[in-house]
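With compact mmCIF, C-alpha atoms inside, this is model-v2.txt:
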# COMPACT_ATOMS: atom_id res chain seq x y z
CA MET H 969 -115.75 -48.86 -38.70
CA PRO H 970 -113.70 -49.02 -41.90
CA ASN H 971 -110.52 -48.44 -40.00
CA ALA H 972 -111.10 -51.53 -37.87
CA LYS H 973 -111.98 -53.65 -40.91
CA VAL H 974 -108.98 -52.50 -42.88
CA LEU H 975 -106.62 -52.90 -39.97
CA ALA H 976 -108.03 -56.39 -39.45
CA GLY H 977 -107.16 -57.09 -43.09
CA SER H 978 -103.66 -55.78 -42.53
CA THR H 979 -103.24 -58.00 -39.47
CA ARG H 980 -104.52 -60.96 -41.45
CA LEU H 981 -101.95 -60.38 -44.21
CA SER H 982 -99.13 -60.27 -41.66
CA GLN H 983 -100.39 -63.40 -39.93
CA THR H 984 -100.86 -65.45 -43.11
CA ILE H 985 -97.36 -64.70 -44.42
CA ARG H 986 -95.97 -65.67 -40.99
CA VAL H 987 -97.84 -68.98 -41.10
CA LEU H 988 -96.61 -69.65 -44.63
CA ARG H 989 -93.04 -68.81 -43.59
CA ASP H 990 -93.30 -71.27 -40.69
CA HIS H 991 -94.52 -74.01 -43.03
CA TRP H 992 -91.70 -73.25 -45.42
CA LEU H 993 -89.10 -73.41 -42.64
CA ALA H 994 -90.62 -76.71 -41.53
CA THR H 995 -89.63 -78.22 -44.90
CA GLU H 996 -86.05 -77.08 -44.48
CA ALA H 997 -84.93 -80.32 -42.88
CA THR H 998 -86.71 -82.55 -45.36
CA TRP H 999 -86.20 -80.79 -48.67
CA THR H 1000 -82.64 -79.74 -49.30
CA ASP H 1001 -81.94 -79.75 -53.01
CA SER H 1002 -81.41 -77.03 -55.59
CA VAL H 1003 -85.08 -77.15 -56.55
CA ARG H 1004 -85.97 -75.89 -53.07
CA GLN H 1005 -83.77 -72.85 -53.53
CA ARG H 1006 -85.25 -72.10 -56.94
CA PHE H 1007 -88.75 -72.63 -55.62
CA GLU H 1008 -88.08 -70.17 -52.82
CA GLU H 1009 -86.56 -67.57 -55.13
CA ARG H 1010 -89.31 -67.93 -57.72
CA TYR H 1011 -92.42 -68.15 -55.55
CA LEU H 1012 -91.82 -67.25 -51.92
CA ALA H 1013 -89.20 -64.51 -51.85
CA PRO H 1014 -91.37 -62.05 -53.84
CA LEU H 1015 -94.20 -62.41 -51.33
CA GLU H 1016 -92.53 -60.66 -48.37
CA PRO H 1017 -91.90 -57.27 -50.04
CA ALA H 1018 -95.33 -57.48 -51.65
CA VAL H 1019 -96.91 -58.03 -48.22
CA ASP H 1020 -94.90 -55.13 -46.76
CA SER H 1021 -96.11 -52.84 -49.52
CA ALA H 1022 -99.71 -54.00 -49.08
CA VAL H 1023 -99.62 -53.58 -45.29
CA ASN H 1024 -98.26 -50.09 -45.77
CA GLY H 1025 -101.00 -49.30 -48.27
CA LEU H 1026 -103.65 -50.74 -45.98
CA GLN H 1027 -102.53 -48.60 -43.08
CA LYS H 1028 -102.66 -45.48 -45.25
CA ILE H 1029 -106.09 -46.24 -46.67
CA ALA H 1030 -107.35 -47.07 -43.16
CA GLU H 1031 -106.37 -43.57 -42.05
CA VAL H 1032 -108.00 -42.03 -45.11
CA LEU H 1033 -111.20 -44.00 -44.57
CA ASP H 1034 -111.34 -42.86 -40.98
CA GLN H 1035 -110.76 -39.26 -41.90
CA VAL H 1036 -113.38 -39.36 -44.68
CA ARG H 1037 -115.95 -40.86 -42.32
CA ARG H 1038 -115.15 -38.30 -39.64
CA ASP H 1039 -115.25 -35.34 -42.02
CA CYS H 1040 -118.32 -36.30 -44.02
CA SER H 1041 -120.59 -37.92 -41.45
CA ASP H 1042 -123.30 -36.25 -39.46
CA ARG H 1043 -122.45 -36.03 -35.76
CA SER H 1044 -125.44 -38.20 -34.96
CA GLU H 1045 -124.09 -40.89 -37.30
CA LEU H 1046 -120.76 -41.06 -35.52
CA SER H 1047 -122.14 -41.58 -32.05
CA MET T 658 -75.86 -78.50 -53.42
CA SER T 659 -76.12 -81.88 -55.08
CA SER T 660 -77.90 -82.52 -58.35
CA GLN T 661 -79.48 -85.47 -56.54
CA ALA T 662 -82.98 -84.50 -55.49
CA THR T 663 -83.27 -84.65 -51.76
CA VAL T 664 -86.80 -84.77 -50.50
CA HIS T 665 -87.15 -86.71 -47.29
CA SER T 666 -90.84 -86.30 -46.73
CA ILE T 667 -93.60 -86.11 -49.28
CA ASP T 668 -95.95 -85.23 -46.43
CA ALA T 669 -93.93 -82.09 -45.73
CA LEU T 670 -94.40 -81.07 -49.37
CA LYS T 671 -98.11 -81.80 -49.11
CA GLU T 672 -98.38 -79.67 -45.98
CA LEU T 673 -96.52 -76.88 -47.71
CA ARG T 674 -98.89 -77.17 -50.68
CA THR T 675 -101.89 -76.91 -48.36
CA ALA T 676 -100.33 -73.94 -46.55
CA LEU T 677 -99.68 -72.20 -49.86
CA ALA T 678 -103.22 -72.80 -51.10
CA LEU T 679 -104.62 -71.46 -47.81
CA TYR T 680 -102.24 -68.53 -47.97
CA GLY T 681 -103.48 -67.56 -51.44
CA ASP T 682 -107.12 -67.84 -50.37
CA ASP T 683 -106.58 -65.98 -47.09
CA THR T 684 -104.67 -63.17 -48.73
CA LEU T 685 -107.22 -62.68 -51.49
CA GLY T 686 -110.00 -62.92 -48.89
CA ALA T 687 -108.41 -60.23 -46.72
CA LEU T 688 -107.82 -57.96 -49.71
CA GLY T 689 -111.35 -58.63 -50.94
CA ALA T 690 -112.87 -57.60 -47.60
CA VAL T 691 -110.88 -54.37 -47.63
CA GLU T 692 -111.80 -53.76 -51.26
CA ALA T 693 -115.48 -54.08 -50.36
CA GLU T 694 -115.01 -51.44 -47.66
CA VAL T 695 -113.12 -49.15 -50.02
CA ARG T 696 -115.87 -49.44 -52.66
CA ARG T 697 -118.62 -48.98 -50.09
CA THR T 698 -116.98 -45.76 -48.96
CA MET T 699 -116.54 -44.64 -52.57
CA ARG T 700 -120.29 -45.03 -53.22
CA TRP T 701 -121.07 -43.36 -49.89
CA LEU T 702 -118.86 -40.40 -50.73
CA GLN T 703 -119.79 -40.02 -54.40
CA ASP T 704 -123.53 -40.71 -54.31
CA GLU T 705 -125.02 -40.77 -50.84
CA ARG T 706 -123.21 -37.98 -49.03
CA PRO T 707 -123.80 -35.10 -51.47
CA TYR T 708 -127.53 -35.89 -51.51
CA TYR T 709 -127.64 -36.28 -47.72
CA TRP T 710 -125.91 -32.96 -47.01
CA GLN T 711 -127.88 -31.03 -49.64
CA GLU T 712 -131.06 -32.28 -48.02
CA GLN T 713 -129.68 -31.40 -44.58
CA ILE T 714 -128.81 -27.88 -45.75
CA LYS T 715 -132.39 -27.38 -47.01
CA ARG T 716 -133.83 -28.70 -43.75
CA ARG T 717 -131.47 -26.67 -41.56
CA ARG T 718 -132.18 -23.48 -43.51
CA GLU T 719 -135.82 -24.05 -42.72
CA GLN T 720 -134.92 -24.52 -39.05
CA VAL T 721 -132.95 -21.27 -39.08
CA ALA T 722 -135.91 -19.49 -40.66
CA LEU T 723 -138.27 -21.00 -38.08
CA ALA T 724 -136.00 -20.08 -35.16
CA LYS T 725 -135.62 -16.53 -36.49
CA SER T 726 -139.37 -16.14 -36.91
CA GLU T 727 -139.85 -17.30 -33.28
CA LEU T 728 -137.34 -14.70 -32.16
CA PHE T 729 -138.99 -12.03 -34.32
CA ARG T 730 -142.37 -12.90 -32.83
CA ARG T 731 -140.89 -12.37 -29.37
CA GLN T 732 -139.34 -9.04 -30.41
CA LEU T 733 -142.74 -7.86 -31.60
CA GLN T 734 -144.08 -8.41 -28.07
CA LYS T 735 -141.63 -5.83 -26.76
CA ARG T 736 -143.24 -2.78 -25.11
CA PRO T 737 -141.67 0.23 -23.44
CA ASP T 738 -142.57 -1.29 -20.09
CA TYR T 739 -142.15 -4.93 -21.00
CA THR T 740 -139.39 -6.93 -22.60
CA PRO T 741 -140.32 -10.59 -23.12
CA PRO T 742 -137.63 -13.21 -22.38
CA MET T 743 -135.81 -14.01 -25.63
CA SER T 744 -132.73 -15.86 -24.51
CA GLU T 745 -134.16 -19.27 -25.45
CA GLN T 746 -135.17 -18.04 -28.92
CA LYS T 747 -131.77 -16.46 -29.41
CA GLU T 748 -130.10 -19.67 -28.37
CA ASN T 749 -132.32 -21.59 -30.81
CA VAL T 750 -131.29 -19.26 -33.63
CA ARG T 751 -127.64 -19.65 -32.68
CA LYS T 752 -127.92 -23.44 -32.63
CA ALA T 753 -129.84 -23.59 -35.93
CA GLU T 754 -127.28 -21.36 -37.65
CA ALA T 755 -124.40 -23.42 -36.27
CA SER T 756 -126.11 -26.57 -37.48
CA LEU T 757 -126.58 -25.06 -40.95
CA GLN T 758 -122.95 -23.96 -41.07
CA ASP T 759 -121.88 -27.44 -40.06
CA ALA T 760 -123.95 -28.97 -42.90
CA GLU T 761 -122.46 -26.51 -45.40
CA LYS T 762 -118.99 -27.30 -44.12
CA ARG T 763 -119.67 -31.04 -44.40
CA LEU T 764 -120.89 -30.71 -47.97
CA ALA T 765 -117.72 -28.76 -48.79
CA MET T 766 -115.70 -31.55 -47.14
CA VAL T 767 -117.51 -34.15 -49.23
CA ARG T 768 -116.59 -32.22 -52.38
CA LYS T 769 -113.03 -31.80 -51.19
CA TRP T 770 -112.68 -35.50 -50.37
CA GLN T 771 -114.17 -36.85 -53.61
CA PRO T 772 -111.03 -36.36 -55.75
CA LEU T 773 -108.68 -36.92 -52.81
CA TYR T 774 -110.33 -40.22 -51.97
CA LYS T 775 -110.13 -41.36 -55.60
CA GLN T 776 -106.43 -40.60 -55.56
CA ALA T 777 -105.95 -42.41 -52.23
CA VAL T 778 -107.76 -45.46 -53.65
CA LEU T 779 -105.53 -45.43 -56.73
CA GLU T 780 -102.47 -45.35 -54.50
CA TYR T 781 -103.91 -48.11 -52.34
CA HIS T 782 -104.57 -50.28 -55.40
CA ALA T 783 -101.01 -49.71 -56.56
CA SER T 784 -99.68 -50.79 -53.16
CA ILE T 785 -101.59 -54.09 -53.16
CA GLN T 786 -101.39 -54.93 -56.87
CA ARG T 787 -98.19 -56.96 -56.62
CA LEU T 788 -99.51 -59.06 -53.73
CA LYS T 789 -102.82 -59.53 -55.50
CA ASP T 790 -101.06 -60.68 -58.68
CA LEU T 791 -98.79 -63.04 -56.76
CA SER T 792 -101.68 -64.47 -54.74
CA ALA T 793 -103.94 -64.91 -57.74
CA GLY T 794 -101.28 -66.10 -60.18
CA ASP T 795 -97.95 -67.21 -58.77
CA VAL T 796 -99.27 -68.86 -55.61
CA PRO T 797 -101.70 -71.15 -57.50
CA ARG T 798 -98.86 -71.87 -59.93
CA ALA T 799 -96.63 -72.79 -56.98
CA VAL T 800 -99.39 -75.06 -55.65
CA ASN T 801 -99.65 -76.62 -59.10
CA LEU T 802 -95.90 -77.08 -59.24
CA LEU T 803 -95.86 -78.76 -55.82
CA THR T 804 -98.68 -81.05 -56.96
CA ARG T 805 -96.64 -82.06 -59.98
CA LEU T 806 -93.53 -82.58 -57.88
CA ILE T 807 -95.48 -84.68 -55.39
CA ASP T 808 -97.05 -86.66 -58.23
CA ALA T 809 -93.62 -87.26 -59.74
CA LEU T 810 -92.20 -88.36 -56.40
CA GLU T 811 -95.15 -90.64 -55.70
CA ALA T 812 -94.95 -92.10 -59.18
CA TYR T 813 -91.27 -92.74 -58.59
CA LEU T 814 -91.97 -94.41 -55.24
CA ARG T 815 -94.68 -96.56 -56.81
CA VAL T 816 -92.32 -97.79 -59.49
CA ALA T 817 -89.31 -98.30 -57.29
CA PRO T 818 -89.97 -98.07 -53.58
CA PRO T 819 -86.55 -97.84 -51.95
CA SER T 820 -85.81 -101.17 -50.39
CA GLY T 821 -84.42 -101.72 -46.95
CA LEU T 822 -85.75 -98.45 -45.53
CA GLY T 823 -89.33 -99.45 -44.81
CA LEU T 824 -90.48 -96.53 -46.89
CA GLU T 825 -94.11 -95.77 -47.45
CA PRO T 826 -95.31 -93.20 -49.93
CA GLY T 827 -96.52 -90.16 -48.09
CA THR T 828 -94.44 -90.68 -45.00
CA ALA T 829 -91.36 -91.82 -46.77
CA THR T 830 -87.84 -90.72 -46.33
CA SER T 831 -86.52 -90.74 -49.83
CA ALA T 832 -83.66 -89.58 -51.91
CA ALA T 833 -85.14 -89.24 -55.35
CA PRO T 834 -83.04 -89.59 -58.47
CA ALA T 835 -81.18 -86.84 -60.21
CA SER T 836 -83.77 -86.99 -62.98
CA PHE T 837 -86.26 -85.65 -60.46
CA VAL T 838 -84.22 -82.47 -60.18
CA SER T 839 -84.30 -82.30 -63.93
CA ILE T 840 -88.09 -82.70 -63.95
CA ALA T 841 -88.55 -80.05 -61.30
CA THR T 842 -86.11 -77.72 -63.02
CA ASP T 843 -87.94 -78.18 -66.31
CA ILE T 844 -91.23 -77.31 -64.59
CA LEU T 845 -89.71 -74.22 -62.98
CA ASP T 846 -88.10 -73.17 -66.27
CA ALA T 847 -91.32 -73.70 -68.20
CA ASP T 848 -93.23 -71.77 -65.55
CA ALA T 849 -90.76 -68.90 -65.62
CA ALA T 850 -90.81 -68.78 -69.41
CA ALA T 851 -94.55 -69.00 -70.03
CA PRO T 852 -96.59 -68.79 -66.83
CA ALA T 853 -99.82 -68.10 -68.70
CA ASP T 854 -99.49 -71.13 -70.95
CA VAL T 855 -100.22 -73.70 -68.27
CA THR T 856 -103.55 -75.28 -69.08
CA PRO T 857 -105.04 -78.25 -67.26
CA ALA T 858 -104.52 -80.41 -70.38
CA ALA T 859 -100.92 -79.31 -70.72
CA ALA T 860 -100.31 -79.86 -67.03
CA GLU T 861 -101.77 -83.35 -67.28
CA LYS T 862 -99.56 -84.13 -70.26
CA GLU T 863 -96.51 -82.88 -68.43
CA THR T 864 -97.41 -84.87 -65.32
CA ILE T 865 -97.64 -88.05 -67.40
CA GLY T 866 -94.23 -87.22 -68.83
CA GLU T 867 -92.91 -86.69 -65.32
CA GLU T 868 -94.22 -90.06 -64.20
CA ASN T 869 -92.45 -91.75 -67.10
CA ALA T 870 -89.28 -89.86 -66.33
CA ALA T 871 -89.60 -90.80 -62.66
CA SER T 872 -89.86 -94.45 -63.67
CA GLU T 873 -86.74 -94.13 -65.77
CA GLY T 874 -84.99 -92.34 -62.94
CA ALA T 875 -85.81 -95.20 -60.57
CA ALA T 876 -83.22 -97.30 -62.28
CA SER T 877 -80.50 -94.95 -61.19
CA ILE T 878 -81.62 -94.19 -57.68
CA VAL T 879 -78.87 -94.15 -55.17
CA ASN T 880 -79.64 -94.93 -51.60
CA HIS T 881 -77.40 -92.54 -49.72
CA GLU T 882 -78.17 -93.89 -46.32
CA GLU T 883 -77.06 -97.42 -47.19
CA GLY T 884 -74.72 -96.54 -50.03
CA THR T 885 -76.38 -99.00 -52.35
CA ASP T 886 -78.36 -98.63 -55.52
CA SER T 887 -81.91 -99.88 -55.99
CA ALA T 888 -80.69 -103.38 -56.69
CA GLY T 889 -78.80 -103.41 -53.44
CA GLN T 890 -75.38 -103.12 -55.10
CA PRO T 891 -72.75 -100.83 -53.58
CA ALA T 892 -72.94 -97.36 -55.12
Do you think you could lay out the structure here as structure tokens?
Amino acid sequence: MPNAKVLAGSTRLSQTIRVLRDHWLATEATWTDSVRQRFEERYLAPLEPAVDSAVNGLQKIAEVLDQVRRDCSDRSELS
Amino acid sequence: MSSQATVHSIDALKELRTALALYGDDTLGALGAVEAEVRRTMRWLQDERPYYWQEQIKRRREQVALAKSELFRRQLQKRPDYTPPMSEQKENVRKAEASLQDAEKRLAMVRKWQPLYKQAVLEYHASIQRLKDLSAGDVPRAVNLLTRLIDALEAYLRVAPPSGLGLEPGTATSAAPASFVSIATDILDADAAAPADVTPAAAEKETIGEENAASEGAASIVNHEEGTDSAGQPA
């Protein structure tokens, strides 16, 4: 089922960014200089909106894939 | 925020580096799996489905013709005093025609979906492009940057392990010199200015430069916890 595969991908994207965020927060107590702030702004901050956009796109394409399969498959293929 | 670099655990940086590397791989893996599904469906819709439904239409037309001929044969048996049962044949014709109509409708759906699906895929690609670029480009660059920062810190610790703190590289609590901030800032600036110019050779050269700078910076390290410099003199 494409829908299931795509939704699994979407879940994976949400999980991996959460794990990365947790690791980043774990460095908060041990890395406290201006480089940290620049590193966050340069490399990490852009990831969250990019993940949101991708998750949105994945959910839309998952629906399209489902609809295409439903509309264009033989009934016997769907069962 | 001080210009003094404050990194209290190289291990934390190493864990972050590992997490970032895994993040990049996981993200590209997830997008790759979806991309495979999207492409598989594209081939299915563009190549396989039209052929499948055209063949089905041919076959179902034959079934309609066969069902109608069965019904016709029954109708020929009709006499003034005898009407043969035809309900099954009529039902077969009805089913065969419905099946043919369904195949024709499905082929029309395939043709309707072909351009719509292409458009949906274009929109999908646009929605993931930024994440794909970041995961394939910026995340490895961030991993590379962390490697260089860790190398610079370790080089600094090798040259001048802070005394009196029982520090060990890797698990150390350290306050690195201000020159470390300068090194890291230079790396970030260089990365922001020319991200595509980082070659392994250039990175190696820069790392060597960082190690030298870290050595120089060791002379000015200030131990904040004890308020002494590296020679044990009051700061």
Give me the residues within 12 Å of H:Arg1006 as a PyMOL selection string, counting all atoms listed in the file and dropping any in the same chain fewer than 6 places off. (chain H and resi 1000+1012-1013) or (chain T and resi 658+799+802+838+841-846+848-849)
Considering all atoms listed in the file, can you say which of H:Trp992, H:Leu981, H:Lys1028, H:Ser1021 comes closest to H:Gln1005? H:Trp992
Against chain H, which residues of chain T fall within 8 Å? For each one I want the closest pair of atoms and the distance in Å (one decimal), counting all atoms listed in the file, rows by chain and increasing residue number, as a Markdown table.
| residue | atom | partner | partner_atom | distance |
| --- | --- | --- | --- | --- |
| T:Met658 | CA | H:Ser1002 | CA | 6.1 |
| T:Ser659 | CA | H:Asp1001 | CA | 6.5 |
| T:Ser660 | CA | H:Ser1002 | CA | 7.1 |
| T:Gln661 | CA | H:Asp1001 | CA | 7.2 |
| T:Ala662 | CA | H:Asp1001 | CA | 5.5 |
| T:Thr663 | CA | H:Asp1001 | CA | 5.2 |
| T:Val664 | CA | H:Trp999 | CA | 4.4 |
| T:His665 | CA | H:Thr998 | CA | 4.6 |
| T:Ser666 | CA | H:Thr998 | CA | 5.7 |
| T:Ala669 | CA | H:Thr995 | CA | 5.8 |
| T:Leu670 | CA | H:Thr995 | CA | 7.1 |
| T:Glu672 | CA | H:His991 | CA | 7.5 |
| T:Leu673 | CA | H:His991 | CA | 5.8 |
| T:Ala676 | CA | H:Leu988 | CA | 6.0 |
| T:Leu677 | CA | H:Leu988 | CA | 6.6 |
| T:Tyr680 | CA | H:Thr984 | CA | 5.9 |
| T:Asp683 | CA | H:Thr984 | CA | 7.0 |
| T:Thr684 | CA | H:Leu981 | CA | 6.0 |
| T:Ala687 | CA | H:Gly977 | CA | 5.0 |
| T:Leu688 | CA | H:Gly977 | CA | 6.7 |
| T:Ala690 | CA | H:Gly977 | CA | 7.3 |
| T:Val691 | CA | H:Val974 | CA | 5.4 |
| T:Glu694 | CA | H:Pro970 | CA | 6.4 |
| T:Val695 | CA | H:Leu1033 | CA | 7.7 |
| T:Thr698 | CA | H:Leu1033 | CA | 7.5 |
| T:Leu702 | CA | H:Cys1040 | CA | 7.9 |
| T:Arg706 | CA | H:Cys1040 | CA | 7.2 |
| T:Arg763 | CA | H:Cys1040 | CA | 5.4 |
| T:Leu764 | CA | H:Cys1040 | CA | 7.3 |
| T:Met766 | CA | H:Cys1040 | CA | 6.3 |
| T:Val767 | CA | H:Cys1040 | CA | 5.7 |
| T:Trp770 | CA | H:Val1036 | CA | 6.9 |
| T:Tyr774 | CA | H:Val1032 | CA | 7.5 |
| T:Ala777 | CA | H:Ile1029 | CA | 6.8 |
| T:Val778 | CA | H:Ile1029 | CA | 7.2 |
| T:Glu780 | CA | H:Gly1025 | CA | 7.5 |
| T:Tyr781 | CA | H:Gly1025 | CA | 5.1 |
| T:Ser784 | CA | H:Ala1022 | CA | 5.2 |
| T:Ile785 | CA | H:Ala1022 | CA | 4.5 |
| T:Arg787 | CA | H:Ala1018 | CA | 5.8 |
| T:Leu788 | CA | H:Ala1018 | CA | 4.9 |
| T:Leu791 | CA | H:Leu1015 | CA | 7.1 |
| T:Asp795 | CA | H:Tyr1011 | CA | 6.5 |
| T:Val796 | CA | H:Tyr1011 | CA | 6.9 |
| T:Ala799 | CA | H:Tyr1011 | CA | 6.4 |
| T:Val838 | CA | H:Val1003 | CA | 6.5 |
| T:Ala841 | CA | H:Val1003 | CA | 6.6 |
| T:Thr842 | CA | H:Val1003 | CA | 6.6 |
| T:Leu845 | CA | H:Phe1007 | CA | 7.6 |
Restricted to C-alpha atoms, what would the selected residues look like written as a PDB file, in the coordinates of the input?
ATOM      1  CA  MET T 658     -75.860 -78.500 -53.420  1.00  0.00           C
ATOM      2  CA  SER T 659     -76.120 -81.880 -55.080  1.00  0.00           C
ATOM      3  CA  SER T 660     -77.900 -82.520 -58.350  1.00  0.00           C
ATOM      4  CA  GLN T 661     -79.480 -85.470 -56.540  1.00  0.00           C
ATOM      5  CA  ALA T 662     -82.980 -84.500 -55.490  1.00  0.00           C
ATOM      6  CA  THR T 663     -83.270 -84.650 -51.760  1.00  0.00           C
ATOM      7  CA  VAL T 664     -86.800 -84.770 -50.500  1.00  0.00           C
ATOM      8  CA  HIS T 665     -87.150 -86.710 -47.290  1.00  0.00           C
ATOM      9  CA  SER T 666     -90.840 -86.300 -46.730  1.00  0.00           C
ATOM     10  CA  ALA T 669     -93.930 -82.090 -45.730  1.00  0.00           C
ATOM     11  CA  LEU T 670     -94.400 -81.070 -49.370  1.00  0.00           C
ATOM     12  CA  GLU T 672     -98.380 -79.670 -45.980  1.00  0.00           C
ATOM     13  CA  LEU T 673     -96.520 -76.880 -47.710  1.00  0.00           C
ATOM     14  CA  ALA T 676    -100.330 -73.940 -46.550  1.00  0.00           C
ATOM     15  CA  LEU T 677     -99.680 -72.200 -49.860  1.00  0.00           C
ATOM     16  CA  TYR T 680    -102.240 -68.530 -47.970  1.00  0.00           C
ATOM     17  CA  ASP T 683    -106.580 -65.980 -47.090  1.00  0.00           C
ATOM     18  CA  THR T 684    -104.670 -63.170 -48.730  1.00  0.00           C
ATOM     19  CA  ALA T 687    -108.410 -60.230 -46.720  1.00  0.00           C
ATOM     20  CA  LEU T 688    -107.820 -57.960 -49.710  1.00  0.00           C
ATOM     21  CA  ALA T 690    -112.870 -57.600 -47.600  1.00  0.00           C
ATOM     22  CA  VAL T 691    -110.880 -54.370 -47.630  1.00  0.00           C
ATOM     23  CA  GLU T 694    -115.010 -51.440 -47.660  1.00  0.00           C
ATOM     24  CA  VAL T 695    -113.120 -49.150 -50.020  1.00  0.00           C
ATOM     25  CA  THR T 698    -116.980 -45.760 -48.960  1.00  0.00           C
ATOM     26  CA  LEU T 702    -118.860 -40.400 -50.730  1.00  0.00           C
ATOM     27  CA  ARG T 706    -123.210 -37.980 -49.030  1.00  0.00           C
ATOM     28  CA  ARG T 763    -119.670 -31.040 -44.400  1.00  0.00           C
ATOM     29  CA  LEU T 764    -120.890 -30.710 -47.970  1.00  0.00           C
ATOM     30  CA  MET T 766    -115.700 -31.550 -47.140  1.00  0.00           C
ATOM     31  CA  VAL T 767    -117.510 -34.150 -49.230  1.00  0.00           C
ATOM     32  CA  TRP T 770    -112.680 -35.500 -50.370  1.00  0.00           C
ATOM     33  CA  TYR T 774    -110.330 -40.220 -51.970  1.00  0.00           C
ATOM     34  CA  ALA T 777    -105.950 -42.410 -52.230  1.00  0.00           C
ATOM     35  CA  VAL T 778    -107.760 -45.460 -53.650  1.00  0.00           C
ATOM     36  CA  GLU T 780    -102.470 -45.350 -54.500  1.00  0.00           C
ATOM     37  CA  TYR T 781    -103.910 -48.110 -52.340  1.00  0.00           C
ATOM     38  CA  SER T 784     -99.680 -50.790 -53.160  1.00  0.00           C
ATOM     39  CA  ILE T 785    -101.590 -54.090 -53.160  1.00  0.00           C
ATOM     40  CA  ARG T 787     -98.190 -56.960 -56.620  1.00  0.00           C
ATOM     41  CA  LEU T 788     -99.510 -59.060 -53.730  1.00  0.00           C
ATOM     42  CA  LEU T 791     -98.790 -63.040 -56.760  1.00  0.00           C
ATOM     43  CA  ASP T 795     -97.950 -67.210 -58.770  1.00  0.00           C
ATOM     44  CA  VAL T 796     -99.270 -68.860 -55.610  1.00  0.00           C
ATOM     45  CA  ALA T 799     -96.630 -72.790 -56.980  1.00  0.00           C
ATOM     46  CA  VAL T 838     -84.220 -82.470 -60.180  1.00  0.00           C
ATOM     47  CA  ALA T 841     -88.550 -80.050 -61.300  1.00  0.00           C
ATOM     48  CA  THR T 842     -86.110 -77.720 -63.020  1.00  0.00           C
ATOM     49  CA  LEU T 845     -89.710 -74.220 -62.980  1.00  0.00           C
TER      50      LEU T 845
END
Tell me, in Å to one decimal, how far atom CA of T:Pro742 is from atom CA of T:Glu754.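 Here the two named atoms are 20.2 Å from each other.
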Please report the interatomic distance between atom CA of T:Glu727 and atom CA of T:Glu748 in Å with one decimal.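 Distance reported for this atom pair: 11.2 Å.
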Could you state the separation of atom CA of T:Ile667 and atom CA of T:Arg805 in Å, given to one decimal place?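 Interatomic distance, atom CA of T:Ile667 to atom CA of T:Arg805: 11.8 Å.
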Between T:Pro707, T:Met699, T:Asn801, T:Arg717, which is the closest to T:Asn749 once you count only C-alpha atoms?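 For T:Asn749, the nearest of the given residues is T:Arg717.
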For T:Gln713, which residue among T:Gln776, T:Gln771, T:Ser756, T:Ser792 is the nearest when counting only C-alpha atoms? T:Ser756
